[in-house]
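**Student:** My file is start.txt. It has compact mmCIF, C-alpha atoms:
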# COMPACT_ATOMS: atom_id res chain seq x y z
CA MET A 23 -18.55 21.31 -10.45
CA SER A 24 -20.98 21.72 -13.35
CA ILE A 25 -23.10 24.67 -12.22
CA GLY A 26 -25.41 24.34 -15.23
CA ASN A 27 -26.26 20.70 -14.55
CA THR A 28 -26.67 21.36 -10.85
CA LEU A 29 -29.07 24.27 -11.39
CA LEU A 30 -30.99 22.16 -13.89
CA GLY A 31 -31.25 19.37 -11.34
CA LEU A 32 -32.58 21.83 -8.76
CA LEU A 33 -35.25 22.95 -11.21
CA GLU A 34 -36.59 19.41 -11.57
CA SER A 35 -38.56 19.70 -8.36
CA GLY A 36 -40.43 22.73 -9.76
CA PRO A 37 -40.03 26.19 -11.35
CA ARG A 38 -37.96 28.73 -9.44
CA HIS A 39 -36.71 32.28 -9.74
CA GLY A 40 -33.00 32.91 -10.21
CA TYR A 41 -32.77 34.13 -6.63
CA ASP A 42 -34.38 30.94 -5.27
CA LEU A 43 -32.02 28.85 -7.38
CA LYS A 44 -29.00 30.65 -5.97
CA ARG A 45 -30.29 30.22 -2.43
CA ALA A 46 -30.98 26.49 -2.95
CA PHE A 47 -27.57 25.99 -4.55
CA ASP A 48 -25.71 27.82 -1.76
CA GLU A 49 -27.62 25.93 0.90
CA LYS A 50 -26.94 22.49 -0.56
CA PHE A 51 -23.62 22.81 -2.37
CA GLY A 52 -22.05 26.21 -1.87
CA HIS A 53 -20.90 26.11 1.76
CA ASP A 54 -17.42 27.35 0.89
CA ARG A 55 -18.18 29.09 -2.38
CA PRO A 56 -21.61 30.66 -2.73
CA LEU A 57 -22.66 31.49 -6.28
CA HIS A 58 -22.55 35.05 -7.55
CA TYR A 59 -25.80 36.37 -9.00
CA GLY A 60 -23.95 37.00 -12.24
CA GLN A 61 -23.05 33.28 -12.48
CA VAL A 62 -26.67 32.27 -11.96
CA TYR A 63 -28.07 34.61 -14.61
CA ALA A 64 -25.30 33.87 -17.12
CA THR A 65 -25.90 30.13 -16.63
CA MET A 66 -29.67 30.48 -16.93
CA SER A 67 -29.28 32.48 -20.16
CA ARG A 68 -27.15 29.70 -21.61
CA LEU A 69 -29.61 27.00 -20.52
CA LEU A 70 -32.45 29.04 -21.98
CA LYS A 71 -30.60 29.45 -25.26
CA ASN A 72 -29.96 25.69 -25.41
CA GLY A 73 -33.60 24.86 -24.78
CA LEU A 74 -32.94 23.14 -21.47
CA VAL A 75 -35.08 25.60 -19.50
CA GLU A 76 -37.92 27.93 -20.40
CA VAL A 77 -39.35 31.03 -18.81
CA ASP A 78 -42.40 29.97 -16.85
CA GLY A 79 -43.47 33.46 -15.85
CA ILE A 80 -42.29 37.00 -15.24
CA GLU A 81 -43.13 39.00 -12.17
CA ALA A 82 -42.85 42.71 -12.17
CA GLY A 83 -41.86 44.18 -8.84
CA GLY A 84 -40.34 47.29 -7.44
CA GLY A 85 -36.94 46.35 -8.87
CA PRO A 86 -36.00 44.50 -12.02
CA GLU A 87 -38.35 41.90 -13.52
CA ARG A 88 -38.08 38.46 -11.95
CA LYS A 89 -38.12 35.55 -14.36
CA ARG A 90 -39.29 32.18 -13.14
CA TYR A 91 -37.56 29.28 -14.89
CA ALA A 92 -38.89 25.77 -15.54
CA ILE A 93 -36.93 22.77 -16.78
CA THR A 94 -37.87 21.39 -20.23
CA ASP A 95 -38.02 17.71 -21.27
CA ALA A 96 -34.65 18.20 -22.97
CA GLY A 97 -33.33 19.60 -19.67
CA ILE A 98 -34.59 16.54 -17.76
CA SER A 99 -32.87 14.25 -20.27
CA ASP A 100 -29.69 16.29 -19.86
CA VAL A 101 -29.75 15.85 -16.06
CA GLU A 102 -30.48 12.14 -16.49
CA ARG A 103 -27.51 11.72 -18.83
CA TRP A 104 -25.17 13.74 -16.63
CA LEU A 105 -26.05 11.74 -13.50
CA ALA A 106 -25.68 8.40 -15.26
CA THR A 107 -22.28 9.19 -16.81
CA PRO A 108 -19.35 8.44 -14.48
CA GLU A 109 -16.76 11.16 -14.02
CA LYS A 110 -13.23 10.66 -15.25
CA PRO A 111 -11.25 9.77 -12.12
CA GLU A 112 -9.10 12.75 -11.19
CA PRO A 113 -8.24 14.56 -7.96
CA TYR A 114 -10.81 16.59 -6.07
CA LEU A 115 -13.92 15.08 -7.59
CA GLN A 116 -15.75 14.96 -4.29
CA SER A 117 -17.75 18.17 -4.63
CA LEU A 118 -18.98 17.14 -8.08
CA LEU A 119 -19.84 13.61 -6.96
CA TYR A 120 -21.51 14.98 -3.85
CA SER A 121 -23.67 17.24 -6.03
CA LYS A 122 -24.66 14.32 -8.23
CA VAL A 123 -25.65 12.19 -5.25
CA VAL A 124 -27.68 14.97 -3.63
CA LEU A 125 -29.43 15.79 -6.91
CA ALA A 126 -30.20 12.11 -7.48
CA LEU A 127 -31.79 11.97 -4.04
CA LEU A 128 -33.71 15.21 -4.65
CA THR A 129 -35.04 13.96 -7.96
CA HIS A 130 -35.76 10.41 -6.69
CA ARG A 131 -33.18 8.75 -8.92
CA ASP A 132 -30.90 5.82 -8.02
CA ALA A 133 -28.16 7.50 -5.95
CA ALA A 134 -26.59 4.13 -4.99
CA GLY A 135 -26.39 3.28 -8.69
CA ILE A 136 -24.49 6.51 -9.38
CA LEU A 137 -21.97 5.60 -6.68
CA ASP A 138 -21.65 2.03 -8.04
CA THR A 139 -21.06 3.29 -11.58
CA GLN A 140 -18.45 5.74 -10.37
CA ARG A 141 -16.73 3.04 -8.31
CA SER A 142 -16.56 0.89 -11.41
CA GLU A 143 -14.99 3.74 -13.38
CA HIS A 144 -12.42 4.29 -10.65
CA LEU A 145 -11.62 0.58 -10.51
CA ARG A 146 -11.15 0.54 -14.26
CA SER A 147 -8.45 3.19 -13.87
CA MET A 148 -6.95 1.31 -10.93
CA ARG A 149 -6.73 -1.89 -13.00
CA ILE A 150 -4.82 -0.07 -15.74
CA LEU A 151 -2.42 1.40 -13.18
CA THR A 152 -2.00 -1.95 -11.40
CA ASP A 153 -1.18 -3.63 -14.67
CA ARG A 154 1.30 -0.91 -15.58
CA LYS A 155 2.87 -1.25 -12.16
CA ARG A 156 3.31 -5.00 -12.51
CA LYS A 157 5.07 -4.63 -15.83
CA GLY A 158 7.07 -1.51 -14.98
CA ASP A 159 10.27 -0.64 -13.15
CA LEU A 160 10.49 0.85 -9.68
CA ALA A 161 9.90 4.40 -10.95
CA ASP A 162 6.73 3.24 -12.71
CA GLN A 163 5.63 1.46 -9.56
CA LEU A 164 6.07 4.54 -7.41
CA ILE A 165 4.28 6.82 -9.87
CA CYS A 166 1.39 4.37 -10.21
CA ASP A 167 1.23 3.88 -6.43
CA HIS A 168 0.75 7.61 -5.96
CA ALA A 169 -2.17 7.65 -8.38
CA LEU A 170 -3.59 4.44 -6.89
CA PHE A 171 -3.60 5.85 -3.36
CA HIS A 172 -5.50 8.93 -4.55
CA LEU A 173 -8.07 6.83 -6.39
CA GLU A 174 -8.38 4.62 -3.34
CA ALA A 175 -9.15 7.69 -1.22
CA ASP A 176 -11.97 8.57 -3.63
CA LEU A 177 -13.29 5.04 -3.42
CA ARG A 178 -13.30 5.11 0.36
CA TRP A 179 -15.36 8.27 0.16
CA LEU A 180 -17.74 6.56 -2.28
CA GLU A 181 -18.13 3.62 0.11
CA LEU A 182 -18.73 5.85 3.07
CA THR A 183 -21.28 7.91 1.17
CA ALA A 184 -23.04 4.74 0.03
CA ALA A 185 -23.25 3.64 3.66
CA ARG A 186 -24.77 6.99 4.64
CA LEU A 187 -27.26 7.36 1.79
CA ASP A 188 -30.30 6.83 4.00
CA LYS A 189 -29.21 9.59 6.36
CA LEU A 190 -28.31 11.88 3.48
CA ALA A 191 -31.72 11.26 1.90
CA GLU A 192 -33.37 12.32 5.16
CA ALA A 193 -31.22 15.44 5.38
CA VAL A 194 -31.91 16.38 1.77
CA ALA A 195 -35.65 15.91 2.19
CA ALA A 196 -35.71 18.02 5.36
CA MET B 7 -38.86 -14.77 -14.40
CA THR B 8 -36.30 -17.56 -14.50
CA ARG B 9 -32.76 -16.25 -14.64
CA VAL B 10 -30.21 -18.27 -16.57
CA PRO B 11 -26.42 -18.26 -16.11
CA PRO B 12 -24.33 -16.55 -18.82
CA PRO B 13 -23.15 -19.07 -21.42
CA GLY B 14 -19.72 -20.57 -20.79
CA SER B 15 -19.74 -19.82 -17.08
CA LEU B 16 -17.93 -22.32 -14.89
CA LEU B 17 -19.69 -21.43 -11.67
CA ALA B 18 -22.99 -19.59 -11.59
CA ALA B 19 -25.65 -18.69 -9.04
CA GLN B 20 -29.13 -17.32 -9.55
CA ASP B 21 -31.48 -15.70 -7.09
CA LEU B 22 -29.69 -16.92 -3.98
CA ARG B 23 -31.47 -16.35 -0.70
CA LYS B 24 -30.11 -17.09 2.72
CA ALA B 25 -31.22 -15.96 6.16
CA TYR B 26 -29.68 -16.60 9.57
CA GLY B 27 -32.69 -16.41 11.86
CA PRO B 28 -34.25 -12.98 11.37
CA THR B 29 -31.17 -11.65 9.54
CA THR B 30 -31.23 -11.76 5.76
CA ALA B 31 -27.73 -12.38 4.39
CA LEU B 32 -28.60 -12.92 0.72
CA ASP B 33 -31.72 -11.56 -0.90
CA GLY B 34 -31.74 -12.66 -4.52
CA ALA B 35 -28.03 -12.55 -5.38
CA ASP B 36 -26.70 -13.62 -8.78
CA PHE B 37 -23.12 -14.46 -9.71
CA SER B 38 -21.15 -16.04 -12.51
CA ILE B 39 -17.52 -16.62 -13.36
CA HIS B 40 -15.71 -18.02 -16.37
CA PRO B 41 -12.54 -20.14 -16.40
CA GLY B 42 -9.43 -18.01 -16.00
CA GLU B 43 -11.41 -15.00 -14.78
CA VAL B 44 -10.71 -13.08 -11.56
CA VAL B 45 -13.88 -11.55 -10.12
CA ALA B 46 -13.80 -9.28 -7.08
CA VAL B 47 -16.81 -9.45 -4.77
CA MET B 48 -17.04 -6.09 -3.04
CA GLY B 49 -19.39 -4.42 -0.63
CA PRO B 50 -19.60 -3.05 2.89
CA SER B 51 -19.23 -5.21 6.01
CA GLY B 52 -22.32 -7.31 6.57
CA SER B 53 -23.52 -6.92 2.98
CA GLY B 54 -23.50 -10.69 2.40
CA LYS B 55 -20.32 -11.10 0.36
CA SER B 56 -18.78 -13.82 2.55
CA THR B 57 -22.11 -15.67 2.67
CA LEU B 58 -22.19 -15.52 -1.13
CA LEU B 59 -18.69 -17.02 -1.27
CA HIS B 60 -19.62 -19.77 1.21
CA CYS B 61 -22.73 -20.65 -0.81
CA LEU B 62 -20.77 -20.71 -4.09
CA ALA B 63 -18.18 -22.99 -2.50
CA GLY B 64 -20.81 -25.40 -1.21
CA ILE B 65 -19.87 -24.68 2.41
CA VAL B 66 -23.26 -23.12 3.20
CA THR B 67 -26.53 -24.28 1.66
CA PRO B 68 -28.75 -21.41 0.49
CA ASP B 69 -32.42 -21.36 1.51
CA SER B 70 -33.38 -21.06 -2.16
CA GLY B 71 -31.89 -20.34 -5.55
CA SER B 72 -29.65 -22.27 -7.84
CA ILE B 73 -25.87 -22.83 -7.98
CA THR B 74 -24.34 -24.71 -10.87
CA TYR B 75 -20.73 -25.79 -11.17
CA ASN B 76 -19.68 -26.95 -14.61
CA GLY B 77 -23.35 -27.39 -15.50
CA ARG B 78 -24.12 -29.44 -12.41
CA GLU B 79 -26.56 -28.27 -9.75
CA LEU B 80 -24.91 -28.24 -6.30
CA ALA B 81 -28.25 -28.91 -4.60
CA THR B 82 -28.45 -32.32 -6.28
CA MET B 83 -25.18 -33.44 -4.68
CA ASN B 84 -25.00 -35.10 -1.28
CA ASP B 85 -22.58 -33.99 1.45
CA ALA B 86 -19.90 -36.46 0.40
CA GLN B 87 -20.07 -35.33 -3.22
CA ARG B 88 -19.86 -31.69 -2.22
CA SER B 89 -16.86 -32.44 0.04
CA ALA B 90 -15.15 -34.24 -2.82
CA LEU B 91 -15.83 -31.29 -5.09
CA ARG B 92 -14.33 -28.88 -2.58
CA ARG B 93 -11.24 -31.09 -2.15
CA SER B 94 -10.53 -31.70 -5.81
CA GLU B 95 -11.95 -28.78 -7.77
CA PHE B 96 -11.88 -25.84 -5.35
CA GLY B 97 -9.07 -24.10 -3.49
CA PHE B 98 -9.42 -21.77 -0.51
CA VAL B 99 -7.45 -18.88 0.93
CA PHE B 100 -8.72 -17.05 3.98
CA GLN B 101 -7.56 -14.07 5.97
CA PHE B 102 -5.79 -16.01 8.71
CA GLY B 103 -5.49 -19.17 10.73
CA GLN B 104 -5.39 -21.60 7.86
CA LEU B 105 -2.04 -23.37 8.22
CA VAL B 106 -1.68 -26.35 10.56
CA PRO B 107 0.86 -25.17 13.17
CA GLU B 108 2.28 -28.64 13.86
CA LEU B 109 3.23 -29.29 10.23
CA THR B 110 6.13 -27.76 8.29
CA CYS B 111 5.31 -25.39 5.44
CA VAL B 112 5.92 -28.04 2.78
CA GLU B 113 3.74 -30.52 4.68
CA ASN B 114 1.02 -27.86 4.87
CA VAL B 115 1.15 -27.27 1.13
CA ALA B 116 1.19 -31.01 0.43
CA LEU B 117 -1.74 -31.68 2.79
CA PRO B 118 -4.63 -31.43 0.26
CA LEU B 119 -2.86 -33.92 -2.01
CA ARG B 120 -2.18 -36.28 0.91
CA LEU B 121 -5.88 -36.15 1.83
CA ASN B 122 -6.68 -37.09 -1.75
CA GLY B 123 -4.47 -40.19 -1.43
CA THR B 124 -1.28 -38.98 -3.14
CA SER B 125 1.96 -40.47 -1.75
CA ARG B 126 4.01 -38.29 0.56
CA LYS B 127 6.91 -38.10 -1.90
CA GLU B 128 4.74 -37.09 -4.85
CA ALA B 129 2.70 -34.65 -2.79
CA GLU B 130 5.77 -32.87 -1.42
CA LYS B 131 7.34 -32.72 -4.86
CA ALA B 132 4.25 -30.96 -6.24
CA ALA B 133 4.12 -28.78 -3.12
CA LEU B 134 7.67 -27.59 -3.68
CA THR B 135 6.91 -26.65 -7.26
CA TRP B 136 4.10 -24.41 -6.05
CA MET B 137 6.21 -23.03 -3.21
CA GLU B 138 8.82 -21.99 -5.78
CA ARG B 139 6.17 -20.19 -7.81
CA LEU B 140 5.00 -18.37 -4.73
CA GLU B 141 8.63 -17.66 -3.78
CA VAL B 142 8.51 -19.46 -0.43
CA ASP B 143 10.43 -22.65 -1.24
CA ASP B 144 13.17 -21.63 1.21
CA LEU B 145 10.63 -21.99 4.03
CA ARG B 146 9.91 -25.64 3.34
CA LYS B 147 11.21 -26.93 6.70
CA LYS B 148 9.88 -24.09 8.83
CA ARG B 149 6.65 -24.25 10.78
CA PRO B 150 3.95 -21.56 10.34
CA GLY B 151 4.88 -19.97 13.67
CA GLU B 152 8.39 -19.30 12.35
CA VAL B 153 7.41 -17.36 9.22
CA SER B 154 6.04 -13.83 8.71
CA GLY B 155 2.40 -13.04 7.92
CA GLY B 156 3.14 -12.37 4.25
CA GLN B 157 5.19 -15.54 3.89
CA GLY B 158 2.50 -17.60 5.65
CA GLN B 159 -0.12 -16.22 3.30
CA ARG B 160 1.94 -17.15 0.25
CA VAL B 161 2.33 -20.66 1.71
CA ALA B 162 -1.47 -20.74 2.07
CA VAL B 163 -1.89 -19.69 -1.57
CA ALA B 164 0.51 -22.45 -2.65
CA ARG B 165 -1.56 -24.93 -0.64
CA ALA B 166 -4.78 -23.68 -2.23
CA LEU B 167 -3.34 -24.13 -5.72
CA VAL B 168 -1.50 -27.44 -5.23
CA THR B 169 -4.47 -29.52 -6.37
CA ASN B 170 -4.79 -27.40 -9.55
CA PRO B 171 -8.27 -26.27 -8.58
CA ARG B 172 -10.58 -24.89 -11.23
CA VAL B 173 -11.96 -22.31 -8.81
CA LEU B 174 -9.95 -20.51 -6.14
CA PHE B 175 -11.98 -18.83 -3.39
CA ALA B 176 -10.09 -16.06 -1.63
CA ASP B 177 -11.82 -14.32 1.28
CA GLU B 178 -9.94 -11.11 2.21
CA PRO B 179 -6.63 -12.86 1.43
CA THR B 180 -4.56 -9.77 2.24
CA GLY B 181 -6.70 -8.48 5.10
CA ALA B 182 -4.00 -9.14 7.71
CA LEU B 183 -1.03 -7.94 5.64
CA ASP B 184 0.65 -4.58 5.09
CA SER B 185 0.40 -2.93 1.64
CA LEU B 186 3.65 -4.27 0.26
CA ASN B 187 3.05 -7.87 1.35
CA GLY B 188 -0.57 -7.67 0.29
CA GLU B 189 0.42 -6.61 -3.21
CA ARG B 190 3.03 -9.33 -3.45
CA VAL B 191 0.47 -11.96 -2.44
CA MET B 192 -2.08 -10.60 -4.93
CA GLY B 193 0.42 -10.39 -7.77
CA LEU B 194 1.59 -13.96 -7.25
CA LEU B 195 -1.91 -15.33 -6.58
CA THR B 196 -3.48 -13.88 -9.72
CA GLU B 197 -0.47 -14.74 -11.87
CA ALA B 198 -0.49 -18.36 -10.66
CA ALA B 199 -4.26 -18.67 -11.11
CA ARG B 200 -4.18 -17.20 -14.61
CA SER B 201 -1.36 -19.51 -15.66
CA THR B 202 -3.53 -22.52 -14.77
CA ASN B 203 -6.76 -20.98 -16.11
CA ALA B 204 -8.32 -21.19 -12.65
CA ALA B 205 -11.22 -18.88 -11.87
CA VAL B 206 -10.74 -16.72 -8.77
CA VAL B 207 -13.60 -15.50 -6.58
CA LEU B 208 -11.97 -12.72 -4.59
CA VAL B 209 -13.90 -11.27 -1.67
CA THR B 210 -12.39 -7.97 -0.61
CA HIS B 211 -13.30 -4.55 0.67
CA GLU B 212 -9.98 -3.09 -0.50
CA ALA B 213 -9.99 -1.32 -3.85
CA ARG B 214 -6.27 -1.89 -4.38
CA VAL B 215 -6.84 -5.63 -4.03
CA ALA B 216 -9.91 -5.53 -6.28
CA ALA B 217 -7.77 -3.79 -8.91
CA TYR B 218 -6.13 -7.18 -9.54
CA SER B 219 -9.46 -8.54 -10.77
CA ASP B 220 -10.97 -8.50 -14.26
CA ARG B 221 -14.32 -7.18 -13.07
CA GLU B 222 -16.23 -6.63 -9.86
CA VAL B 223 -19.57 -7.65 -8.43
CA VAL B 224 -20.95 -5.37 -5.74
CA VAL B 225 -23.03 -6.91 -2.96
CA ARG B 226 -25.28 -4.61 -0.98
CA ASP B 227 -28.07 -5.66 1.39
CA GLY B 228 -27.77 -9.23 0.13
CA ARG B 229 -28.26 -8.31 -3.52
CA SER B 230 -25.52 -8.37 -6.12
CA ARG B 231 -24.76 -6.05 -9.01
CA ASP B 232 -22.42 -7.13 -11.76
CA MET B 233 -20.78 -3.87 -12.78
CA GLU B 234 -19.48 -5.04 -16.14
CA ARG B 235 -22.86 -6.26 -17.25
CA ALA B 236 -24.71 -3.37 -15.64
CA ILE B 237 -22.98 -0.72 -17.76
For the file at hand, write its structure as structure tokens.

**Tutor:**
Amino acid sequence: MSIGNTLLGLLESGPRHGYDLKRAFDEKFGHDRPLHYGQVYATMSRLLKNGLVEVDGIEAGGGPERKRYAITDAGISDVERWLATPEKPEPYLQSLLYSKVVLALLTHRDAAGILDTQRSEHLRSMRILTDRKRKGDLADQLICDHALFHLEADLRWLELTAARLDKLAEAVAA
Amino acid sequence: MTRVPPPGSLLAAQDLRKAYGPTTALDGADFSIHPGEVVAVMGPSGSGKSTLLHCLAGIVTPDSGSITYNGRELATMNDAQRSALRRSEFGFVFQFGQLVPELTCVENVALPLRLNGTSRKEAEKAALTWMERLEVDDLRKKRPGEVSGGQGQRVAVARALVTNPRVLFADEPTGALDSLNGERVMGLLTEAARSTNAAVVLVTHEARVAAYSDREVVVRDGRSRDMERAI
């Protein structure tokens, strides 16, 4: 999963402190693998350096200073581009695709369109494999079949997610 | 805004709308296909993909919108003209129940030609040629009840292609078959269609079947999205 893009997407709804970002990330995407604070701050430093976020304010407290980050226009364009670009079909994409769909819903973008574009990318790979299978020997056929079944599993997940977008949108908004 | 079909398209539809009572099946769907092209129509159950196919084939009349075949508006044709178009220019393959159980396989394949007035001898000769291509010529004397699902489906494909249709409509053609038979049917169907430059409208919810197409159109809530042109 692209932690940088995901944190940027979370910032689109408004400025947040690093701690809030971590909490929002863990709640929405980090069920099995919560982020370490170090990951959050290292990522935010990189985003800051690249001009994708800016410091919106600093609060002094009892402990260390708390920076509040806001997304910049360049950051919004970066999220937009990331969401619109289909992922290269490969195993275990679900958590990344899930993040994209949730962020699209959170930022009121076209989540169904993201799923459609990804389906198209998967089908493009499946066409290449199907063609190779038709022209190949039995070994080719078996190798391609293995890849095709995995891609098909992804596509079933895409279909199912598309069918549940309304419910997911409600859950995300809650 | 008036939508126009892409240049060179053989069959095209714009802004199709169709409702069955209070249920909207199509809500502004577009579609186009060129000669020799295989287009998969995908989408969840109830999304309107079969209704789209039935409208394109002139089986169902849309409430509004335009369908042109070879530059001719379907709505301007009467029932007899549309029937003639379906018999001579279109071929159909469905999921099941399409072969006449009382006829032998070769008689089934020859049937569309016989209905068009071709002599029995000529019709069965052409039928056998197609049965060979679909690798079911050894079943010529068997009746549909005596052949397997995969074999029956290949006989149905031969029958759909025997008139050399310019458009083949296939609605879940492998839906009742196992993976291996489904792939064999799809391989032979697309190969046969491409060799005759027929366009194939392939309705399917299976990605592995859609992978035999050149591009896909996704139907959702009665609206279509052409993925090739959308990207």

**Student:** Using all atoms listed in the file, which residues sit within 9 Å of segment 22-24 of chain B once same-chain residues fewer than 6 positions away are excluded, as a count of residues only?

**Tutor:** 19

**Student:** Would you list the contacts of Val75 of chain A as number ranges by chain, taking every protein, DNA or RNA residue within 7 Å and counting only C-alpha atoms, but skipping same-chain residues closer than 4 positions in sequence?

**Tutor:** A: 69-70, 91-94, 97

**Student:** Counting all atoms listed in the file, which residues from chain B have an atom at most 9 Å from any atom of chain A, and could you show them as a list in words?

**Tutor:**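 Every residue meeting the condition is included here: Gly49, Pro50, Gly193, Glu212, Ala213, Arg214, Ala216, Ala217, Tyr218, Ser219, Asp220, Arg221, Glu222, Val224, Arg231, Met233, Glu234, Ala236 and Ile237 of chain B.
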
**Student:** Can you work out the spacing between atom CA of Gly14 of chain B and atom CA of Gly54 of chain B in Å, to one decimal?

**Tutor:**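 Calculated distance between atom CA of Gly14 of chain B and atom CA of Gly54 of chain B is 25.5 Å.
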
**Student:** For segment 76-87 of chain B, list every protein, DNA or RNA residue within 8 Å, evaluated using only C-alpha atoms, and leave out those in the same chain fewer than 4 positions away; present the list as a short mmCIF file (atom, residue, chain, number, x, y, z; two decimals) with C-alpha atoms, in the coordinates of the input.

**Tutor:**
data_model
loop_
_atom_site.label_atom_id
_atom_site.label_comp_id
_atom_site.auth_asym_id
_atom_site.auth_seq_id
_atom_site.Cartn_x
_atom_site.Cartn_y
_atom_site.Cartn_z
CA SER B 15 -19.74 -19.82 -17.08
CA LEU B 16 -17.93 -22.32 -14.89
CA LEU B 17 -19.69 -21.43 -11.67
CA GLY B 64 -20.81 -25.40 -1.21
CA THR B 67 -26.53 -24.28 1.66
CA SER B 72 -29.65 -22.27 -7.84
CA LEU B 91 -15.83 -31.29 -5.09
#

**Student:** What does the distance from atom CA of Arg226 of chain B to atom CA of Ser53 of chain B come to in Å, to one decimal?

**Tutor:** 4.9 Å

**Student:** May I have the residues at most 10 Å from (-36.0, 19.0, -0.2) in the file's coordinates, counting only C-alpha atoms, as a ChimeraX atom specification?

**Tutor:** /A:32,35,46,50,124-125,127-129,191-196

**Student:** Give me, please, the distance in Å between atom CA of Lys110 of chain A and atom CA of Gly60 of chain A, quoted to one decimal.

**Tutor:**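 Between atom CA of Lys110 of chain A and atom CA of Gly60 of chain A the gap works out to 28.6 Å.
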
**Student:** Of the residues B:Thr169, B:Lys147, B:Val106, B:Asp184, which is the one nearest to Gly123 of chain B, using only C-alpha atoms?

**Tutor:**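 Of B:Thr169, B:Lys147, B:Val106, B:Asp184, the one nearest Gly123 of chain B, counting only C-alpha atoms, is B:Thr169.
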